[in-house]
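**Student:** The structure's right below; bear with me while I get my questions together.
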Amino acid sequence: MQTNNKRPLGCVLMIIAIIAVLVISFILFFLIDFLQRAFLLSGEDWIFFEPMPYAMKFLIFPIVILLMEAFGSIVYRIAGNPSMKSAYSFMNFITKHKVPVTIICVLMIYIGFTGISSVDSDGVTRRSALNPVGRTYDLELISSVDTGFKRNGDFYYIINVDGKKLKFNAPTVNAEAYPEYVTNEYKSFSDFDEKLMALGIPKNADTSSMDNALYDESVMQYLKKVVS
């Protein structure tokens, strides 16, 4: 009877835990975004920046996964929710090995934090854990650009330079230096692409993928100019 009485409580706590994880994760990622601008991009006339694809994967575990497991463990201890028993066991393991786990998490956060690409009026910069200051390439050094829409409808803009790919699709724009991009952030792609095309940079645009686009017309008016 006691277990049955705890089932409604367990469901309520699970909902609260999910909401808490989402809210805290959002706050932490917002803080990381702020710190990246403050420490990695400070003093630079950047137009927009975006984490490298691998960077987000390194941030997911120490932020989202650990939060989910921690709240799941709490739910198990309070309500005995059997589906959260694995989270409880996982957090016990973390507690017993907190020193190496902490070191691993710090390294993962550092790798994710420093892995960003940025664009300014004169070039593009690629940063990494091994080179947080970044390597900047003049626009003329860009070998080509690949752009289009994925099957899920997301836009992509890949800059190929020095054998590396700098991928953008939903960047953070520099609102202070370029307020015109705040309400029309995808206009930054259109303006930047126009500058590259004026330099004669080759562009491989997948025009057929435009049918997959999931953006409203206020955005598409700029992306159509890019994917053309």
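Following the order of the structure tokens, chains are lettered A, B, ..., residues in each are numbered from 1, and ligands are numbered from 1.
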May I have the residues within 8 Å of Leu139 in chain A as a VMD selection string, using only C-alpha atoms and disregarding those fewer than 4 positions away in the same chain?
**Tutor:** chain A and resid 122 to 124 196
**Student:** For Met68 in chain A, find every residue with an atom within 8 Å (counting only C-alpha atoms), except residues of its own chain fewer than 4 positions away, and show them as a list in words.
**Tutor:**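 After dropping sequence-adjacent residues, the list is Ala17, Ile18, Val21, Val64 and Gly72 of chain A.
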**Student:** Would you kindly return, as a PDB file with N, CA, C and O atoms, in the first residue's frame, each protein, DNA or RNA residue with an atom no farther than 12 Å from any atom of Met220 in chain A, considering only C-alpha atoms and excluding same-chain residues fewer than 4 positions away?
**Tutor:**
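Result file part-v2.pdb:
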ATOM      1  N   GLY A 148      22.943  24.901 -47.621  1.00  0.00           N
ATOM      2  CA  GLY A 148      21.675  24.268 -47.998  1.00  0.00           C
ATOM      3  C   GLY A 148      20.863  23.974 -46.758  1.00  0.00           C
ATOM      4  O   GLY A 148      21.042  24.596 -45.699  1.00  0.00           O
ATOM      5  N   PHE A 149      19.962  23.016 -46.870  1.00  0.00           N
ATOM      6  CA  PHE A 149      19.112  22.623 -45.749  1.00  0.00           C
ATOM      7  C   PHE A 149      19.208  21.114 -45.542  1.00  0.00           C
ATOM      8  O   PHE A 149      19.202  20.347 -46.499  1.00  0.00           O
ATOM      9  N   GLY A 153      15.221  20.007 -42.109  1.00  0.00           N
ATOM     10  CA  GLY A 153      14.825  21.387 -42.366  1.00  0.00           C
ATOM     11  C   GLY A 153      15.767  22.437 -41.843  1.00  0.00           C
ATOM     12  O   GLY A 153      15.570  23.630 -42.097  1.00  0.00           O
ATOM     13  N   ASP A 154      16.810  22.047 -41.104  1.00  0.00           N
ATOM     14  CA  ASP A 154      17.759  23.021 -40.550  1.00  0.00           C
ATOM     15  C   ASP A 154      18.699  23.543 -41.630  1.00  0.00           C
ATOM     16  O   ASP A 154      19.206  22.782 -42.451  1.00  0.00           O
ATOM     17  N   PHE A 155      18.944  24.830 -41.587  1.00  0.00           N
ATOM     18  CA  PHE A 155      19.877  25.483 -42.504  1.00  0.00           C
ATOM     19  C   PHE A 155      21.308  25.208 -42.064  1.00  0.00           C
ATOM     20  O   PHE A 155      21.596  25.084 -40.870  1.00  0.00           O
ATOM     21  N   ASN A 184      16.797  40.347 -37.237  1.00  0.00           N
ATOM     22  CA  ASN A 184      16.957  39.626 -38.505  1.00  0.00           C
ATOM     23  C   ASN A 184      18.317  38.928 -38.507  1.00  0.00           C
ATOM     24  O   ASN A 184      19.192  39.251 -39.303  1.00  0.00           O
ATOM     25  N   GLU A 185      18.482  37.969 -37.568  1.00  0.00           N
ATOM     26  CA  GLU A 185      19.808  37.379 -37.379  1.00  0.00           C
ATOM     27  C   GLU A 185      20.294  36.640 -38.619  1.00  0.00           C
ATOM     28  O   GLU A 185      21.502  36.565 -38.867  1.00  0.00           O
ATOM     29  N   TYR A 186      19.377  36.098 -39.421  1.00  0.00           N
ATOM     30  CA  TYR A 186      19.816  35.369 -40.612  1.00  0.00           C
ATOM     31  C   TYR A 186      20.227  36.307 -41.741  1.00  0.00           C
ATOM     32  O   TYR A 186      20.763  35.874 -42.745  1.00  0.00           O
ATOM     33  N   LYS A 187      19.978  37.592 -41.557  1.00  0.00           N
ATOM     34  CA  LYS A 187      20.473  38.573 -42.516  1.00  0.00           C
ATOM     35  C   LYS A 187      22.004  38.602 -42.467  1.00  0.00           C
ATOM     36  O   LYS A 187      22.662  38.940 -43.461  1.00  0.00           O
ATOM     37  N   PHE A 189      23.948  36.060 -42.378  1.00  0.00           N
ATOM     38  CA  PHE A 189      24.407  35.072 -43.358  1.00  0.00           C
ATOM     39  C   PHE A 189      24.362  35.654 -44.758  1.00  0.00           C
ATOM     40  O   PHE A 189      25.288  35.493 -45.544  1.00  0.00           O
ATOM     41  N   SER A 190      23.257  36.331 -45.065  1.00  0.00           N
ATOM     42  CA  SER A 190      23.085  36.905 -46.392  1.00  0.00           C
ATOM     43  C   SER A 190      24.159  37.936 -46.700  1.00  0.00           C
ATOM     44  O   SER A 190      24.765  37.924 -47.778  1.00  0.00           O
ATOM     45  N   MET A 210      16.091  23.115 -50.547  1.00  0.00           N
ATOM     46  CA  MET A 210      15.257  24.214 -50.077  1.00  0.00           C
ATOM     47  C   MET A 210      13.836  23.751 -49.755  1.00  0.00           C
ATOM     48  O   MET A 210      13.127  24.366 -48.960  1.00  0.00           O
ATOM     49  N   ASP A 211      13.420  22.646 -50.363  1.00  0.00           N
ATOM     50  CA  ASP A 211      12.088  22.111 -50.083  1.00  0.00           C
ATOM     51  C   ASP A 211      11.973  21.613 -48.647  1.00  0.00           C
ATOM     52  O   ASP A 211      10.868  21.444 -48.129  1.00  0.00           O
ATOM     53  N   ASN A 212      13.121  21.375 -48.000  1.00  0.00           N
ATOM     54  CA  ASN A 212      13.117  20.886 -46.619  1.00  0.00           C
ATOM     55  C   ASN A 212      13.050  22.020 -45.598  1.00  0.00           C
ATOM     56  O   ASN A 212      12.911  21.754 -44.398  1.00  0.00           O
ATOM     57  N   ALA A 213      13.178  23.262 -46.044  1.00  0.00           N
ATOM     58  CA  ALA A 213      13.278  24.405 -45.136  1.00  0.00           C
ATOM     59  C   ALA A 213      12.051  24.521 -44.235  1.00  0.00           C
ATOM     60  O   ALA A 213      10.910  24.386 -44.679  1.00  0.00           O
ATOM     61  N   LEU A 214      12.307  24.793 -42.962  1.00  0.00           N
ATOM     62  CA  LEU A 214      11.227  24.927 -41.984  1.00  0.00           C
ATOM     63  C   LEU A 214      11.247  26.311 -41.333  1.00  0.00           C
ATOM     64  O   LEU A 214      11.025  26.449 -40.141  1.00  0.00           O
ATOM     65  N   TYR A 215      11.514  27.327 -42.126  1.00  0.00           N
ATOM     66  CA  TYR A 215      11.588  28.693 -41.611  1.00  0.00           C
ATOM     67  C   TYR A 215      10.467  29.529 -42.229  1.00  0.00           C
ATOM     68  O   TYR A 215      10.014  29.250 -43.343  1.00  0.00           O
ATOM     69  N   ASP A 216      10.060  30.560 -41.508  1.00  0.00           N
ATOM     70  CA  ASP A 216       9.015  31.426 -42.062  1.00  0.00           C
ATOM     71  C   ASP A 216       9.627  32.367 -43.105  1.00  0.00           C
ATOM     72  O   ASP A 216      10.838  32.461 -43.253  1.00  0.00           O
ATOM     73  N   LYS A 224      17.171  32.420 -48.912  1.00  0.00           N
ATOM     74  CA  LYS A 224      17.026  32.135 -50.345  1.00  0.00           C
ATOM     75  C   LYS A 224      18.150  32.783 -51.135  1.00  0.00           C
ATOM     76  O   LYS A 224      18.576  32.256 -52.159  1.00  0.00           O
ATOM     77  N   LYS A 225      18.636  33.935 -50.650  1.00  0.00           N
ATOM     78  CA  LYS A 225      19.740  34.604 -51.326  1.00  0.00           C
ATOM     79  C   LYS A 225      21.043  33.812 -51.147  1.00  0.00           C
ATOM     80  O   LYS A 225      21.909  33.838 -52.028  1.00  0.00           O
ATOM     81  N   VAL A 226      21.145  33.108 -50.016  1.00  0.00           N
ATOM     82  CA  VAL A 226      22.350  32.345 -49.740  1.00  0.00           C
ATOM     83  C   VAL A 226      22.345  31.023 -50.518  1.00  0.00           C
ATOM     84  O   VAL A 226      23.315  30.644 -51.154  1.00  0.00           O
ATOM     85  N   VAL A 227      21.207  30.324 -50.454  1.00  0.00           N
ATOM     86  CA  VAL A 227      21.072  29.037 -51.131  1.00  0.00           C
ATOM     87  C   VAL A 227      20.560  29.288 -52.548  1.00  0.00           C
ATOM     88  O   VAL A 227      19.413  29.025 -52.891  1.00  0.00           O
ATOM     89  N   SER A 228      21.417  29.817 -53.369  1.00  0.00           N
ATOM     90  CA  SER A 228      21.019  30.133 -54.749  1.00  0.00           C
ATOM     91  C   SER A 228      22.225  29.986 -55.669  1.00  0.00           C
ATOM     92  O   SER A 228      23.344  29.816 -55.236  1.00  0.00           O
TER      93      SER A 228
END
**Student:** Just want the 9 Å neighbourhood of range 55-58 of chain A, counted on only C-alpha atoms, with same-chain residues fewer than 5 positions away dropped. Output as a PyMOL selection string.
**Tutor:** chain A and resi 105+107-116
**Student:** Output the selection as a PDB file, in the first residue's frame - N, CA and C atoms for each residue.
**Tutor:**
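This went into result_13.pdb:
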ATOM      1  N   CYS A 105      34.806  15.939 -15.932  1.00  0.00           N
ATOM      2  CA  CYS A 105      33.773  16.939 -16.237  1.00  0.00           C
ATOM      3  C   CYS A 105      34.379  18.307 -16.538  1.00  0.00           C
ATOM      4  N   LEU A 107      37.360  18.884 -17.736  1.00  0.00           N
ATOM      5  CA  LEU A 107      37.986  18.789 -19.057  1.00  0.00           C
ATOM      6  C   LEU A 107      36.939  18.861 -20.168  1.00  0.00           C
ATOM      7  N   MET A 108      35.820  18.175 -19.981  1.00  0.00           N
ATOM      8  CA  MET A 108      34.758  18.185 -20.991  1.00  0.00           C
ATOM      9  C   MET A 108      34.174  19.582 -21.156  1.00  0.00           C
ATOM     10  N   ILE A 109      33.965  20.263 -20.030  1.00  0.00           N
ATOM     11  CA  ILE A 109      33.435  21.631 -20.094  1.00  0.00           C
ATOM     12  C   ILE A 109      34.431  22.561 -20.778  1.00  0.00           C
ATOM     13  N   TYR A 110      35.718  22.390 -20.482  1.00  0.00           N
ATOM     14  CA  TYR A 110      36.748  23.218 -21.116  1.00  0.00           C
ATOM     15  C   TYR A 110      36.779  22.989 -22.623  1.00  0.00           C
ATOM     16  N   ILE A 111      36.724  21.730 -23.035  1.00  0.00           N
ATOM     17  CA  ILE A 111      36.735  21.420 -24.472  1.00  0.00           C
ATOM     18  C   ILE A 111      35.503  22.003 -25.148  1.00  0.00           C
ATOM     19  N   GLY A 112      34.350  21.841 -24.508  1.00  0.00           N
ATOM     20  CA  GLY A 112      33.122  22.386 -25.085  1.00  0.00           C
ATOM     21  C   GLY A 112      33.106  23.904 -25.091  1.00  0.00           C
ATOM     22  N   PHE A 113      33.641  24.507 -24.030  1.00  0.00           N
ATOM     23  CA  PHE A 113      33.643  25.965 -23.896  1.00  0.00           C
ATOM     24  C   PHE A 113      34.522  26.631 -24.953  1.00  0.00           C
ATOM     25  N   THR A 114      35.685  26.062 -25.213  1.00  0.00           N
ATOM     26  CA  THR A 114      36.637  26.689 -26.133  1.00  0.00           C
ATOM     27  C   THR A 114      36.385  26.337 -27.602  1.00  0.00           C
ATOM     28  N   GLY A 115      35.553  25.354 -27.859  1.00  0.00           N
ATOM     29  CA  GLY A 115      35.321  24.929 -29.245  1.00  0.00           C
ATOM     30  C   GLY A 115      34.291  25.769 -29.971  1.00  0.00           C
ATOM     31  N   ILE A 116      34.695  26.929 -30.429  1.00  0.00           N
ATOM     32  CA  ILE A 116      33.764  27.806 -31.151  1.00  0.00           C
ATOM     33  C   ILE A 116      34.412  28.339 -32.434  1.00  0.00           C
TER      34      ILE A 116
END
**Student:** Given the choices A:Ser83, A:Asn152, A:Ser188, A:Ser89, which gets closest to Asn174 in chain A if the distance is worked out from only C-alpha atoms?
**Tutor:** A:Ser188
**Student:** Could you give me, as a list in words, the residues within 12 Å of Glu140 in chain A, counting only C-alpha atoms and dropping anything in the same chain fewer than 4 positions from it?
**Tutor:**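 Using only C-alpha atoms, the neighbours found are Ser121, Asp122, Gly123, Val124, Thr136, Ser144, Ile159, Asn160, Val161, Asp162, Lys195, Leu196, Met197, Ala198, Leu199, Gly200, Ile201 and Pro202 of chain A.
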**Student:** I'd like the neighbourhood of Ile158 in chain A as a PDB file with N, CA and C atoms, in the first residue's frame, where a residue qualifies if any of its atoms comes within 8 Å (using only C-alpha atoms), though same-chain residues fewer than 4 positions away should be ignored.
**Tutor:**
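Written file, part-v4.pdb:
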ATOM      1  N   VAL A 145      32.548  27.249 -49.913  1.00  0.00           N
ATOM      2  CA  VAL A 145      31.429  27.268 -48.962  1.00  0.00           C
ATOM      3  C   VAL A 145      30.404  26.231 -49.405  1.00  0.00           C
ATOM      4  N   ASP A 146      29.870  25.483 -48.447  1.00  0.00           N
ATOM      5  CA  ASP A 146      28.784  24.536 -48.712  1.00  0.00           C
ATOM      6  C   ASP A 146      27.563  24.995 -47.933  1.00  0.00           C
ATOM      7  N   THR A 147      26.422  25.081 -48.599  1.00  0.00           N
ATOM      8  CA  THR A 147      25.228  25.560 -47.914  1.00  0.00           C
ATOM      9  C   THR A 147      23.975  24.873 -48.443  1.00  0.00           C
ATOM     10  N   LYS A 165      36.535  22.513 -41.487  1.00  0.00           N
ATOM     11  CA  LYS A 165      35.162  22.934 -41.753  1.00  0.00           C
ATOM     12  C   LYS A 165      34.626  23.718 -40.565  1.00  0.00           C
ATOM     13  N   LEU A 166      34.205  24.940 -40.806  1.00  0.00           N
ATOM     14  CA  LEU A 166      33.572  25.762 -39.785  1.00  0.00           C
ATOM     15  C   LEU A 166      32.080  25.790 -40.102  1.00  0.00           C
ATOM     16  N   LYS A 167      31.308  25.133 -39.251  1.00  0.00           N
ATOM     17  CA  LYS A 167      29.890  24.950 -39.544  1.00  0.00           C
ATOM     18  C   LYS A 167      29.018  25.908 -38.742  1.00  0.00           C
ATOM     19  N   PHE A 168      28.082  26.555 -39.434  1.00  0.00           N
ATOM     20  CA  PHE A 168      27.144  27.477 -38.797  1.00  0.00           C
ATOM     21  C   PHE A 168      25.724  27.132 -39.226  1.00  0.00           C
TER      22      PHE A 168
END
**Student:** Which residues come within 12 Å of Leu9 in chain A, counting only C-alpha atoms, excluding same-chain residues fewer than 6 positions away, as a tab-separated table (two decimals) with C-alpha atoms, in the first residue's frame?
**Tutor:**
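And here's part.tsv as it stands now:
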chain	number	residue	atom	x	y	z
A	2	GLN	CA	2.82	2.37	0.77
A	3	THR	CA	4.32	1.88	-2.69
A	15	ILE	CA	7.48	16.22	-13.85
A	16	ILE	CA	9.04	18.75	-11.47
A	17	ALA	CA	12.48	17.16	-12.02
A	75	VAL	CA	13.04	11.27	-6.96
A	76	TYR	CA	14.03	7.67	-6.20
A	77	ARG	CA	15.05	8.46	-2.64
A	78	ILE	CA	11.83	10.38	-1.94
A	79	ALA	CA	9.24	8.32	-3.79
A	80	GLY	CA	11.04	5.06	-4.55
A	81	ASN	CA	10.21	5.36	-8.26
